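Chemist: Structure file start_9.csv (CSV, C-alpha atoms) is given on the next line.
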chain,number,residue,atom,x,y,z
A,1,MET,CA,80.4,101.6,112.4
A,2,GLU,CA,81.1,101.8,108.6
A,3,PHE,CA,83.9,104.1,109.3
A,4,GLU,CA,85.5,101.7,111.8
A,5,GLU,CA,85.2,98.8,109.3
A,6,PHE,CA,86.7,100.9,106.6
A,7,PHE,CA,89.7,101.7,108.9
A,8,GLU,CA,90.1,98.1,109.9
A,9,ARG,CA,90.1,97.1,106.2
A,10,MET,CA,92.7,99.8,105.5
A,11,ARG,CA,94.9,98.7,108.5
A,12,ARG,CA,94.7,95.1,107.3
A,13,ARG,CA,95.7,96.0,103.7
A,14,VAL,CA,98.6,98.2,104.9
A,15,ARG,CA,99.8,95.3,107.1
A,16,GLU,CA,99.6,92.9,104.1
A,17,LEU,CA,101.5,95.3,101.9
A,18,PHE,CA,104.3,95.6,104.5
A,19,GLU,CA,104.4,91.8,104.7
A,20,GLU,CA,104.7,91.5,101.0
A,21,ILE,CA,107.5,94.0,100.8
A,22,GLU,CA,109.3,92.3,103.7
A,23,SER,CA,109.0,89.0,102.1
A,24,GLU,CA,110.3,90.4,98.8
A,25,PHE,CA,113.4,91.8,100.5
A,26,GLU,CA,113.8,88.5,102.3
A,27,THR,CA,113.8,86.6,99.0
A,28,MET,CA,116.3,89.0,97.3
A,29,ARG,CA,118.7,89.2,100.3
A,30,SER,CA,121.9,87.2,99.9
A,31,MET,CA,123.6,85.4,102.8
A,32,TRP,CA,127.0,86.0,101.1
A,33,GLY,CA,128.4,89.5,101.6
A,34,ILE,CA,130.8,91.1,99.1
A,35,SER,CA,132.9,92.2,102.0
A,36,GLY,CA,133.6,88.6,103.0
A,37,GLU,CA,130.9,88.2,105.6
A,38,LEU,CA,128.5,85.3,105.7
A,39,GLU,CA,125.1,85.4,107.3
A,40,PRO,CA,124.6,82.4,109.6
A,41,LEU,CA,121.4,80.4,109.8
A,42,SER,CA,119.5,81.3,112.9
A,43,SER,CA,116.1,80.6,114.4
A,44,ILE,CA,114.2,81.7,117.5
A,45,ASN,CA,111.8,79.6,119.5
A,46,ALA,CA,109.4,81.1,122.0
A,47,TYR,CA,108.6,79.4,125.3
A,48,PRO,CA,106.4,80.8,128.1
A,49,ASP,CA,109.2,82.1,130.2
A,50,HIS,CA,112.1,82.4,127.7
A,51,TYR,CA,113.3,82.5,124.1
A,52,GLU,CA,115.9,80.2,122.6
A,53,VAL,CA,118.0,81.5,119.7
A,54,TYR,CA,120.0,79.0,117.7
A,55,VAL,CA,122.8,80.2,115.5
A,56,ASP,CA,124.6,77.7,113.2
A,57,LEU,CA,128.3,78.6,112.6
A,58,PRO,CA,129.8,75.7,110.6
A,59,TYR,CA,133.5,76.0,109.7
A,60,SER,CA,134.0,78.7,112.3
A,61,ASP,CA,136.6,79.3,115.0
A,62,LEU,CA,134.3,79.5,118.1
A,63,ASP,CA,137.1,81.0,120.2
A,64,SER,CA,136.6,84.2,118.2
A,65,LEU,CA,132.9,84.3,118.9
A,66,SER,CA,131.6,87.7,120.0
A,67,ILE,CA,128.0,88.3,121.0
A,68,GLU,CA,127.0,91.9,121.9
A,69,VAL,CA,123.7,93.3,123.0
A,70,ARG,CA,122.8,96.6,121.3
A,71,GLY,CA,119.4,97.7,122.5
A,72,HIS,CA,117.1,94.9,121.4
A,73,LYS,CA,119.5,93.5,119.0
A,74,LEU,CA,122.1,90.7,119.3
A,75,VAL,CA,125.1,91.3,117.2
A,76,ILE,CA,126.9,88.1,116.5
A,77,GLU,CA,130.4,87.8,114.9
A,78,CYS,CA,132.7,84.8,114.5
A,79,ARG,CA,135.7,84.2,112.3
A,80,LEU,CA,136.0,81.2,110.0
A,81,LYS,CA,138.6,78.6,110.6
A,82,ASN,CA,140.2,79.6,107.3
A,83,GLU,CA,139.4,82.0,104.5
A,84,LEU,CA,137.2,80.5,101.9
A,85,GLU,CA,137.0,81.3,98.2
A,86,PHE,CA,134.5,79.9,95.6
A,87,ASN,CA,136.1,81.1,92.4
A,88,ARG,CA,134.2,78.7,90.1
A,89,TRP,CA,131.0,80.4,91.2
A,90,TYR,CA,130.7,83.5,89.0
A,91,ARG,CA,128.8,85.5,91.6
A,92,TYR,CA,131.4,85.9,94.3
A,93,ARG,CA,134.6,85.3,92.2
A,94,GLY,CA,137.6,86.8,93.9
A,95,ILE,CA,135.9,87.3,97.3
A,96,LYS,CA,137.5,85.8,100.4
A,97,PHE,CA,135.0,84.9,103.0
A,98,ARG,CA,136.4,85.4,106.5
A,99,LYS,CA,133.7,85.6,109.1
A,100,TYR,CA,130.0,85.2,110.1
A,101,TYR,CA,128.1,88.4,111.0
A,102,THR,CA,124.5,88.8,111.9
A,103,GLU,CA,122.2,91.2,113.8
A,104,LEU,CA,119.2,89.6,115.3
A,105,THR,CA,116.3,91.7,116.5
A,106,LEU,CA,114.8,90.3,119.7
A,107,PRO,CA,111.2,90.4,120.8
A,108,PRO,CA,110.3,93.4,122.9
A,109,ASP,CA,109.8,91.4,126.1
A,110,SER,CA,113.3,89.9,126.0
A,111,ASP,CA,115.3,90.4,129.2
A,112,VAL,CA,118.7,91.2,127.6
A,113,SER,CA,120.4,91.6,131.0
A,114,ASN,CA,120.2,87.9,131.7
A,115,ILE,CA,121.3,86.2,128.6
A,116,LYS,CA,122.9,82.7,128.8
A,117,ILE,CA,125.0,81.4,126.0
A,118,GLU,CA,125.8,77.7,125.4
A,119,ARG,CA,128.2,76.5,122.7
A,120,ASN,CA,128.3,73.2,121.1
A,121,GLU,CA,131.9,73.0,119.9
A,122,ILE,CA,131.5,69.8,117.9
A,123,ARG,CA,128.4,70.9,115.9
A,124,LYS,CA,129.5,74.6,115.9
A,125,LEU,CA,126.1,75.6,117.1
A,126,ILE,CA,125.3,78.2,119.7
A,127,ARG,CA,122.2,78.4,121.8
A,128,ILE,CA,121.3,81.7,123.4
A,129,ILE,CA,118.7,81.6,126.2
A,130,ILE,CA,116.9,84.9,126.8
A,131,PRO,CA,114.4,85.2,129.7
A,132,ARG,CA,111.1,86.9,129.0
A,133,LYS,CA,110.2,89.9,131.2
A,134,LYS,CA,107.3,89.3,133.5
A,135,THR,CA,104.4,91.7,132.7
B,1,MET,CA,129.0,65.2,87.8
B,2,ILE,CA,129.1,62.8,84.9
B,3,LEU,CA,127.2,64.3,82.0
B,4,PRO,CA,125.9,62.6,78.8
B,5,ILE,CA,128.3,61.6,76.1
B,6,GLY,CA,129.4,64.6,74.2
B,7,GLY,CA,128.8,66.9,77.1
B,8,VAL,CA,125.9,69.1,76.0
B,9,SER,CA,123.5,67.0,74.1
B,10,ARG,CA,119.8,67.0,73.1
B,11,PRO,CA,117.6,64.6,75.0
B,12,ARG,CA,116.9,61.2,73.5
B,13,ARG,CA,113.3,61.4,74.5
B,14,GLU,CA,110.8,63.8,76.2
B,15,VAL,CA,108.2,62.2,78.4
B,16,PHE,CA,105.2,64.4,79.2
B,17,TYR,CA,103.1,64.1,82.4
B,18,GLY,CA,100.7,67.0,82.1
B,19,ASP,CA,102.7,70.2,82.5
B,20,LEU,CA,105.8,68.4,83.7
B,21,ILE,CA,108.4,67.0,81.3
B,22,ILE,CA,111.1,64.5,81.8
B,23,TYR,CA,114.0,64.9,79.4
B,24,GLU,CA,115.9,61.6,79.1
B,25,TYR,CA,119.6,61.3,78.1
B,26,TYR,CA,119.7,57.5,78.4
B,27,ASP,CA,117.9,54.5,77.3
B,28,PRO,CA,115.5,53.5,80.1
B,29,TYR,CA,114.6,50.2,78.5
B,30,LEU,CA,118.1,48.7,78.4
B,31,GLU,CA,118.6,45.8,80.7
B,32,PRO,CA,119.0,45.5,83.7
B,33,HIS,CA,116.1,47.8,84.6
B,34,PRO,CA,116.7,50.0,87.6
B,35,GLU,CA,115.2,48.6,90.8
B,36,TYR,CA,115.3,51.5,93.2
B,37,LEU,CA,114.5,55.2,92.8
B,38,VAL,CA,116.1,57.1,95.7
B,39,LEU,CA,114.5,60.5,96.3
B,40,GLY,CA,116.4,63.5,97.8
B,41,LEU,CA,114.0,66.4,97.8
B,42,PRO,CA,114.7,69.4,100.1
B,43,ASP,CA,113.0,68.9,103.4
B,44,ALA,CA,113.8,69.1,107.1
B,45,GLY,CA,117.5,69.5,107.7
B,46,LEU,CA,118.1,68.9,104.0
B,47,VAL,CA,118.6,65.3,105.0
B,48,GLY,CA,117.5,63.8,101.7
B,49,SER,CA,119.3,66.4,99.6
B,50,ILE,CA,122.6,65.9,101.4
B,51,ALA,CA,122.3,62.1,101.3
B,52,SER,CA,121.5,62.0,97.6
B,53,ARG,CA,124.2,64.4,96.7
B,54,HIS,CA,126.7,62.2,98.6
B,55,LEU,CA,125.4,59.1,96.9
B,56,VAL,CA,125.7,60.7,93.4
B,57,PHE,CA,129.2,62.0,94.0
B,58,SER,CA,130.7,59.1,96.0
B,59,LYS,CA,129.4,56.4,93.8
B,60,LYS,CA,130.0,58.4,90.6
B,61,PHE,CA,126.4,58.2,89.3
B,62,ALA,CA,125.8,59.4,85.8
B,63,PHE,CA,123.4,62.2,84.9
B,64,ILE,CA,120.5,60.6,83.0
B,65,ALA,CA,117.5,62.9,83.0
B,66,GLU,CA,116.0,66.2,84.2
B,67,ILE,CA,112.5,67.3,85.1
B,68,ASP,CA,111.3,70.7,84.0
B,69,SER,CA,108.0,72.6,83.4
B,70,PRO,CA,107.1,75.8,81.6
B,71,VAL,CA,104.3,76.5,84.0
B,72,ARG,CA,104.8,74.5,87.2
B,73,LEU,CA,108.4,75.5,88.0
B,74,PRO,CA,110.2,78.8,88.3
B,75,PRO,CA,112.4,79.7,85.3
B,76,ILE,CA,115.6,78.5,86.8
B,77,THR,CA,118.6,76.9,85.1
B,78,VAL,CA,121.5,75.6,87.2
B,79,VAL,CA,125.0,75.6,85.5
B,80,HIS,CA,127.4,72.8,86.3
B,81,ASN,CA,130.7,72.4,84.4
B,82,SER,CA,129.4,75.1,82.0
B,83,ILE,CA,126.3,73.0,81.2
B,84,PRO,CA,122.9,74.5,81.8
B,85,ILE,CA,120.4,72.0,83.2
B,86,SER,CA,117.2,71.9,85.3
B,87,PRO,CA,117.7,72.0,89.1
B,88,ILE,CA,115.7,68.7,89.3
B,89,GLN,CA,118.0,66.0,88.1
B,90,LEU,CA,118.1,62.2,87.8
B,91,TYR,CA,121.2,60.1,88.1
B,92,MET,CA,121.9,56.4,87.7
B,93,SER,CA,124.5,54.0,89.2
B,94,ARG,CA,127.0,52.3,87.0
B,95,ASP,CA,125.3,48.9,87.3
B,96,ARG,CA,121.9,50.5,86.5
B,97,ARG,CA,120.4,49.2,89.7
B,98,ILE,CA,119.8,52.6,91.3
B,99,VAL,CA,118.3,55.9,90.1
B,100,THR,CA,118.5,59.0,92.3
B,101,LEU,CA,116.3,62.1,91.9
B,102,LEU,CA,117.5,65.3,93.6
B,103,SER,CA,116.5,68.8,93.5
B,104,GLU,CA,118.7,71.9,94.0
B,105,THR,CA,115.6,74.1,94.8
B,106,PRO,CA,112.6,73.4,96.9
B,107,ILE,CA,109.6,72.1,95.1
B,108,PRO,CA,106.9,74.9,95.0
B,109,ILE,CA,103.8,73.9,97.0
B,110,HIS,CA,101.4,73.8,94.0
B,111,THR,CA,103.8,71.6,92.1
B,112,ILE,CA,104.1,68.9,94.8
B,113,TYR,CA,101.1,66.8,93.8
B,114,PRO,CA,101.8,66.8,90.0
B,115,MET,CA,105.5,66.3,90.7
B,116,ILE,CA,104.8,63.3,92.9
B,117,ASN,CA,102.4,61.8,90.4
B,118,THR,CA,105.0,62.3,87.7
B,119,ILE,CA,107.6,60.5,89.7
B,120,ILE,CA,105.2,57.6,90.4
B,121,ASN,CA,104.1,57.3,86.8
B,122,TYR,CA,107.7,57.6,85.4
B,123,ALA,CA,109.0,55.1,88.0
B,124,ARG,CA,106.3,52.6,86.7
B,125,GLU,CA,107.2,53.4,83.1
B,126,ILE,CA,110.9,52.5,83.6
B,127,ASN,CA,110.0,49.4,85.8
B,128,ILE,CA,111.3,50.7,89.1
B,129,LYS,CA,110.4,48.3,91.9
B,130,TYR,CA,110.8,50.5,94.9
B,131,LEU,CA,110.7,54.3,95.6
B,132,ILE,CA,112.9,55.1,98.6
B,133,SER,CA,112.5,58.5,100.2
B,134,LEU,CA,115.2,59.9,102.5
B,135,SER,CA,113.9,62.5,104.8
B,136,GLY,CA,114.6,64.4,108.0
B,137,ILE,CA,111.9,64.5,110.7
B,138,ALA,CA,112.4,67.5,112.9
B,139,VAL,CA,112.7,66.9,116.6
B,140,PRO,CA,113.0,69.8,119.2
B,141,ASN,CA,115.9,68.3,121.1
B,142,ARG,CA,118.1,67.4,118.1
B,143,LEU,CA,121.1,69.3,119.6
B,144,GLN,CA,121.1,66.9,122.6
B,145,ILE,CA,120.8,63.8,120.4
B,146,GLU,CA,124.2,62.1,119.6
B,147,LYS,CA,122.9,59.4,117.2
B,148,PRO,CA,119.7,60.3,115.4
B,149,LYS,CA,117.1,57.6,115.4
B,150,VAL,CA,115.7,56.4,112.1
B,151,TYR,CA,112.0,55.5,111.5
B,152,TRP,CA,110.4,53.9,108.5
B,153,LEU,CA,107.0,54.0,106.9
B,154,ALA,CA,105.9,51.9,103.9
B,155,SER,CA,103.1,52.4,101.4
B,156,ASN,CA,102.5,48.6,101.1
B,157,SER,CA,103.6,45.2,102.2
B,158,ASN,CA,106.0,44.9,99.4
B,159,ALA,CA,108.0,48.0,100.6
B,160,ARG,CA,107.7,46.7,104.1
B,161,GLU,CA,109.5,43.5,103.1
B,162,LEU,CA,112.6,45.6,102.3
B,163,ILE,CA,113.1,46.7,105.9
B,164,LYS,CA,111.3,44.2,108.1
B,165,GLU,CA,114.5,42.2,108.9
B,166,THR,CA,116.2,45.3,110.5
B,167,GLU,CA,115.7,46.6,114.0
B,168,ILE,CA,114.6,50.0,112.8
B,169,GLU,CA,111.3,51.2,114.2
B,170,GLU,CA,108.2,51.8,112.2
B,171,LEU,CA,106.6,55.3,112.5
B,172,LYS,CA,103.4,54.7,114.3
B,173,GLU,CA,101.6,58.0,114.7
B,174,GLY,CA,101.9,61.7,113.8
B,175,PHE,CA,101.5,64.1,110.9
B,176,VAL,CA,104.0,64.1,108.0
B,177,VAL,CA,104.1,67.1,105.8
B,178,GLY,CA,105.8,67.8,102.5
B,179,PRO,CA,106.6,66.0,99.3
B,180,TYR,CA,107.4,62.7,101.0
B,181,ALA,CA,104.1,62.8,102.8
B,182,VAL,CA,102.2,63.1,99.5
B,183,LEU,CA,104.4,60.4,97.9
B,184,LEU,CA,103.5,57.9,100.7
B,185,LYS,CA,99.8,58.5,100.3
B,186,GLU,CA,99.7,58.5,96.5
B,187,ALA,CA,102.0,55.5,96.3
B,188,ARG,CA,99.7,53.5,98.6
B,189,ARG,CA,96.7,54.5,96.5
B,190,LYS,CA,98.4,53.6,93.3
B,191,GLY,CA,99.8,50.3,94.5
B,192,MET,CA,103.4,51.5,94.2
B,193,SER,CA,106.0,50.4,96.7
B,194,ASN,CA,107.4,53.4,98.6
B,195,LEU,CA,109.6,53.1,101.7
B,196,ALA,CA,110.3,56.3,103.5
B,197,LEU,CA,113.2,56.6,105.9
B,198,PHE,CA,112.7,59.4,108.4
B,199,VAL,CA,115.8,60.4,110.4
B,200,GLU,CA,115.6,62.7,113.5
B,201,SER,CA,117.0,66.0,112.4
B,202,PHE,CA,117.0,69.8,112.8
B,203,LEU,CA,114.2,71.5,111.0
B,204,ASP,CA,116.0,74.5,109.7
B,205,ILE,CA,119.7,73.7,110.0
B,206,PRO,CA,121.3,71.4,107.4
B,207,ASP,CA,122.0,68.1,109.1
B,208,PRO,CA,124.7,66.0,107.4
B,209,GLU,CA,124.9,63.7,110.5
B,210,SER,CA,121.3,62.7,110.0
B,211,ALA,CA,122.0,62.3,106.2
B,212,ALA,CA,124.8,59.9,107.1
B,213,GLU,CA,122.4,57.8,109.2
B,214,ALA,CA,119.9,57.7,106.4
B,215,LEU,CA,122.7,56.5,104.0
B,216,LYS,CA,123.8,53.8,106.5
B,217,VAL,CA,120.2,52.4,106.5
B,218,LEU,CA,119.9,52.7,102.8
B,219,SER,CA,123.2,50.8,102.2
B,220,SER,CA,121.9,47.9,104.3
B,221,ILE,CA,118.6,47.6,102.6
B,222,ILE,CA,119.6,48.0,99.0
B,223,ASN,CA,123.0,46.3,99.3
B,224,ILE,CA,125.3,49.1,98.3
B,225,ASP,CA,128.4,50.1,100.1
B,226,ILE,CA,128.3,53.8,100.9
B,227,ASP,CA,131.2,55.3,102.8
B,228,VAL,CA,129.9,58.2,104.9
B,229,LYS,CA,133.3,59.1,106.3
B,230,GLU,CA,133.9,61.7,103.6
B,231,LEU,CA,130.4,63.2,104.1
B,232,LEU,CA,131.1,63.7,107.8
B,233,GLU,CA,134.5,65.2,107.1
B,234,GLU,CA,133.0,67.8,104.7
B,235,ALA,CA,129.9,68.3,106.9
B,236,GLU,CA,130.9,71.8,108.1
B,237,LEU,CA,131.6,73.1,104.7
B,238,LEU,CA,128.5,71.5,103.3
B,239,LYS,CA,126.4,73.2,106.0
B,240,LEU,CA,128.0,76.5,105.1
B,241,LYS,CA,127.3,76.1,101.4
B,242,THR,CA,123.7,75.0,101.8
B,243,ARG,CA,122.6,77.8,104.1
B,244,GLU,CA,120.5,79.5,101.4
B,245,LEU,CA,118.9,76.3,100.2
B,246,MET,CA,118.0,75.6,103.8
B,247,MET,CA,116.5,79.0,104.2
B,248,GLN,CA,114.4,78.7,101.0
B,249,THR,CA,113.3,75.2,102.1
B,250,LYS,CA,112.3,76.5,105.5
B,251,LYS,CA,110.1,79.1,103.8
B,252,ALA,CA,108.6,76.4,101.5
B,253,LEU,CA,107.9,74.1,104.4
B,254,SER,CA,106.2,76.8,106.3
B,255,GLU,CA,103.9,77.4,103.4
B,256,MET,CA,103.2,73.6,103.4
B,257,GLN,CA,102.0,73.9,107.0
B,258,LYS,CA,105.0,71.9,108.4
B,259,LYS,CA,103.8,73.0,111.8
B,260,TYR,CA,101.3,70.1,111.7
B,261,GLU,CA,104.2,67.7,112.4
B,262,MET,CA,104.4,69.2,115.9
B,263,GLN,CA,100.7,68.4,116.5
B,264,MET,CA,99.2,65.2,118.0
B,265,PRO,CA,96.6,63.8,115.6
B,266,LEU,CA,93.0,63.9,116.8
B,267,MET,CA,92.6,60.1,116.3
B,268,TYR,CA,95.6,59.2,118.4
B,269,GLN,CA,94.8,56.7,121.1
Show how you would write the structure in this file as structure tokens.

Modeler:
Amino acid sequence: MEFEEFFERMRRRVRELFEEIESEFETMRSMWGISGELEPLSSINAYPDHYEVYVDLPYSDLDSLSIEVRGHKLVIECRLKNELEFNRWYRYRGIKFRKYYTELTLPPDSDVSNIKIERNEIRKLIRIIIPRKKT
Amino acid sequence: MILPIGGVSRPRREVFYGDLIIYEYYDPYLEPHPEYLVLGLPDAGLVGSIASRHLVFSKKFAFIAEIDSPVRLPPITVVHNSIPISPIQLYMSRDRRIVTLLSETPIPIHTIYPMINTIINYAREINIKYLISLSGIAVPNRLQIEKPKVYWLASNSNARELIKETEIEELKEGFVVGPYAVLLKEARRKGMSNLALFVESFLDIPDPESAAEALKVLSSIINIDIDVKELLEEAELLKLKTRELMMQTKKALSEMQKKYEMQMPLMYQ
């Protein structure tokens, strides 16, 4: 019994450590890439029978949108309407931002073969509906 | 941004509220005294932040003060026009009627109560009559909503007077989480007039359209002409530029248990 409790405590601590490390990386990660890529804002909402992924792509040319399924990842790419530079901002001086790029890891029970994509051209937002596999 | 005369200057006065310090670059006792303090703190959809930014830029408000703390806030300096200042700034309209407080970073959870009490005490010190909060209120179907609805909530009857002639609906039930939630409660307890405008918005996507709706209501209640055309024109670029602030705000809101806003209160009838 004591042994089991000890292992349970160890498991919990390891999980906490991983969460701390993940959160540290999350904090340090930049959404502006030095190769001119921007990471879009995205969120995933879970419903009993499906997931909804929202990806915000302001100032993009939605005609160039590409969404690819790679295993349990969604790879999303979309060009900007025009190249953007923010040269008064020391951090990315001289960098031309050209496109959005992100890889989103989907939950394991996502049915990636039946994905539905909806675009809102005015708000430059996309909604991706992914059914959940029945277990 | 309009900076103090002489560009970089030392504050005229430092006002201490516990660990929080307000550095003033203006004379708060000159007449006329400001009547309204408009708050634009990062919250759902960055509605208040975007609205306050537009108010400051479009009406050419002057930078008048900053809030800082050696213990309550992270060691951050923001640089604008080569001038290092705190991310929490106060601006004032040319006619001195309106002061706006905005923050370029989310307020850390353990600083919310002292920050709100500082704002209330300072507002009282400089004879502000009304605190007006501009906030988003996240709704799940925001993508389908063309014109976001605005709700209001007041800390007392005095604040209610400001908006009662309009057709805007009062928020009746539900949880409110975040700095504006604390402000409403504390203002009521301290007898300060606080009117909060809550506009339907996205939770974690910057929402300039909702910010524009907040500004339209604000302009009608405080009699200031605010043109939101430019805000809507630059909305896409603004959303692109504020992605990281939105991401940090989302994290801060999650620490504040923002999920309670999705819940029906126990005492609802």

Chemist: Select all residues from chain B having any atom no more than 10 Å from an atom of chain A (counting all atoms listed in the file, ignoring ligands), output as a list in words.

Modeler: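 So the residues of chain B near chain A are Val79, His80, Asn81, Pro140, Leu143, Gln144, Leu203, Asp204, Ile205, Pro206, Asp207, Glu209, Glu234, Ala235, Glu236, Leu237, Leu238, Lys239, Leu240, Lys241, Thr242, Arg243, Glu244, Met246, Met247, Gln248 and Lys251 of chain B.
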
Chemist: Can you list, as a list in words, every protein, DNA or RNA residue that comes within 6 Å of Ile88 in chain B when you count all atoms listed in the file, leaving out same-chain residues fewer than 2 positions away?

Modeler: Glu66, Ile67, Ser86, Leu102 and Ser103 of chain B

Chemist: Could you please give me, as a VMD selection string, the residues of protein, DNA or RNA lying at most 7 Å from (119.6, 50.8, 95.0) in the coordinate frame of the file, considering only C-alpha atoms?

Modeler: chain B and resid 35 to 36 97 to 98 222 224

Chemist: Could you state the separation of CA of Leu62 in chain A and CA of Tyr92 in chain A in Å, given to one decimal place?

Modeler: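 A separation of 24.8 Å between them.
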
Chemist: Near Ile115 in chain A, counting all atoms listed in the file, which residues have an atom at most 7 Å away, once you skip same-chain residues fewer than 3 positions from it, shown as JSON, numbers by chain?

Modeler: {"A": [112, 128, 129, 130]}

Chemist: With only C-alpha atoms as the basis for distance, which of A:Val69, A:Leu74, A:Ile117, A:Leu106 is at the shortest distance from Arg132 in chain A?

Modeler: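 Of A:Val69, A:Leu74, A:Ile117, A:Leu106, the one nearest Arg132 in chain A, counting only C-alpha atoms, is A:Leu106.
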
Chemist: Take the point (108.9, 91.8, 131.8) in the file's coordinates, draw a sphere of radius 8 Å around it, and report as a ChimeraX atom specification every protein, DNA or RNA residue with an atom inside or on it, counting all atoms listed in the file.

Modeler: /A:109-111,132-135

Chemist: Looking at all atoms listed in the file, which of A:Pro107, A:Phe7, A:Arg119, A:Gly33 is the one that sits closest to His72 in chain A?

Modeler: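 So, comparing all the options, the nearest one is A:Pro107.
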
Chemist: Could you please determine the separation between CA of Asn156 in chain B and CA of Met192 in chain B in Å, to one decimal place?

Modeler: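 Separating CA of Asn156 in chain B from CA of Met192 in chain B is a distance of 7.5 Å.
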
Chemist: What does the structure give for the distance between CA of Glu167 in chain B and CA of Ala212 in chain B, in Å to one decimal?

Modeler: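 For CA of Glu167 in chain B relative to CA of Ala212 in chain B, the distance reads 17.5 Å.
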
Chemist: Using only C-alpha atoms, which of B:Pro70, B:Gly136, B:Pro42, B:Pro87 sits nearest Pro106 in chain B?

Modeler: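 The answer is B:Pro42, which sits nearest to Pro106 in chain B.
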
Chemist: Let me make sure I understand: among B:Ala65, B:Leu195, B:Leu232, B:Leu20, which one has the smallest atom-to-atom distance to Ser135 in chain B if we use all atoms listed in the file?

Modeler: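 Smallest separation from Ser135 in chain B among the options: B:Leu195.
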
Chemist: Tell me, as a ChimeraX atom specification, which residues lie within 8 Å of Pro265 in chain B, counting all atoms listed in the file; anything in the same chain fewer than 6 positions away does not count.

Modeler: /B:173-175

Chemist: Just the residues within 12 Å of Ile145 in chain B, please, counting all atoms listed in the file, with nothing from its chain fewer than 3 positions along; format it as a CSV table (one decimal) with C-alpha atoms, in the coordinates of the input.

Modeler:
chain,number,residue,atom,x,y,z
A,123,ARG,CA,128.4,70.9,115.9
B,138,ALA,CA,112.4,67.5,112.9
B,139,VAL,CA,112.7,66.9,116.6
B,140,PRO,CA,113.0,69.8,119.2
B,141,ASN,CA,115.9,68.3,121.1
B,142,ARG,CA,118.1,67.4,118.1
B,148,PRO,CA,119.7,60.3,115.4
B,149,LYS,CA,117.1,57.6,115.4
B,199,VAL,CA,115.8,60.4,110.4
B,200,GLU,CA,115.6,62.7,113.5
B,201,SER,CA,117.0,66.0,112.4
B,202,PHE,CA,117.0,69.8,112.8
B,209,GLU,CA,124.9,63.7,110.5
B,210,SER,CA,121.3,62.7,110.0

Chemist: Mind rebuilding range 76-88 of chain B with N, CA and C atoms and writing that out as a PDB file, keeping the file's coordinate frame?

Modeler:
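Ended up saving to part.pdb:
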ATOM      1  N   ILE B  76     114.253  78.608  86.293  1.00  0.00           N
ATOM      2  CA  ILE B  76     115.600  78.500  86.800  1.00  0.00           C
ATOM      3  C   ILE B  76     116.425  77.479  86.043  1.00  0.00           C
ATOM      4  N   THR B  77     117.660  77.849  85.728  1.00  0.00           N
ATOM      5  CA  THR B  77     118.600  76.900  85.100  1.00  0.00           C
ATOM      6  C   THR B  77     119.822  76.887  86.058  1.00  0.00           C
ATOM      7  N   VAL B  78     120.310  75.710  86.347  1.00  0.00           N
ATOM      8  CA  VAL B  78     121.500  75.600  87.200  1.00  0.00           C
ATOM      9  C   VAL B  78     122.677  75.240  86.222  1.00  0.00           C
ATOM     10  N   VAL B  79     123.826  75.855  86.436  1.00  0.00           N
ATOM     11  CA  VAL B  79     125.000  75.600  85.500  1.00  0.00           C
ATOM     12  C   VAL B  79     126.009  74.767  86.303  1.00  0.00           C
ATOM     13  N   HIS B  80     126.342  73.607  85.758  1.00  0.00           N
ATOM     14  CA  HIS B  80     127.400  72.800  86.300  1.00  0.00           C
ATOM     15  C   HIS B  80     128.373  72.431  85.193  1.00  0.00           C
ATOM     16  N   ASN B  81     129.658  72.665  85.427  1.00  0.00           N
ATOM     17  CA  ASN B  81     130.700  72.400  84.400  1.00  0.00           C
ATOM     18  C   ASN B  81     130.272  73.071  83.064  1.00  0.00           C
ATOM     19  N   SER B  82     129.761  74.284  83.147  1.00  0.00           N
ATOM     20  CA  SER B  82     129.400  75.100  82.000  1.00  0.00           C
ATOM     21  C   SER B  82     128.164  74.513  81.222  1.00  0.00           C
ATOM     22  N   ILE B  83     127.462  73.578  81.840  1.00  0.00           N
ATOM     23  CA  ILE B  83     126.300  73.000  81.200  1.00  0.00           C
ATOM     24  C   ILE B  83     125.014  73.433  81.866  1.00  0.00           C
ATOM     25  N   PRO B  84     124.100  74.089  81.121  1.00  0.00           N
ATOM     26  CA  PRO B  84     122.900  74.500  81.800  1.00  0.00           C
ATOM     27  C   PRO B  84     121.821  73.417  81.835  1.00  0.00           C
ATOM     28  N   ILE B  85     121.375  73.111  83.059  1.00  0.00           N
ATOM     29  CA  ILE B  85     120.400  72.000  83.200  1.00  0.00           C
ATOM     30  C   ILE B  85     119.303  72.476  84.233  1.00  0.00           C
ATOM     31  N   SER B  86     118.282  71.651  84.363  1.00  0.00           N
ATOM     32  CA  SER B  86     117.200  71.900  85.300  1.00  0.00           C
ATOM     33  C   SER B  86     117.745  71.626  86.739  1.00  0.00           C
ATOM     34  N   PRO B  87     117.234  72.336  87.752  1.00  0.00           N
ATOM     35  CA  PRO B  87     117.700  72.000  89.100  1.00  0.00           C
ATOM     36  C   PRO B  87     117.149  70.637  89.600  1.00  0.00           C
ATOM     37  N   ILE B  88     116.173  70.054  88.868  1.00  0.00           N
ATOM     38  CA  ILE B  88     115.700  68.700  89.300  1.00  0.00           C
ATOM     39  C   ILE B  88     116.264  67.686  88.346  1.00  0.00           C
TER      40      ILE B  88
END
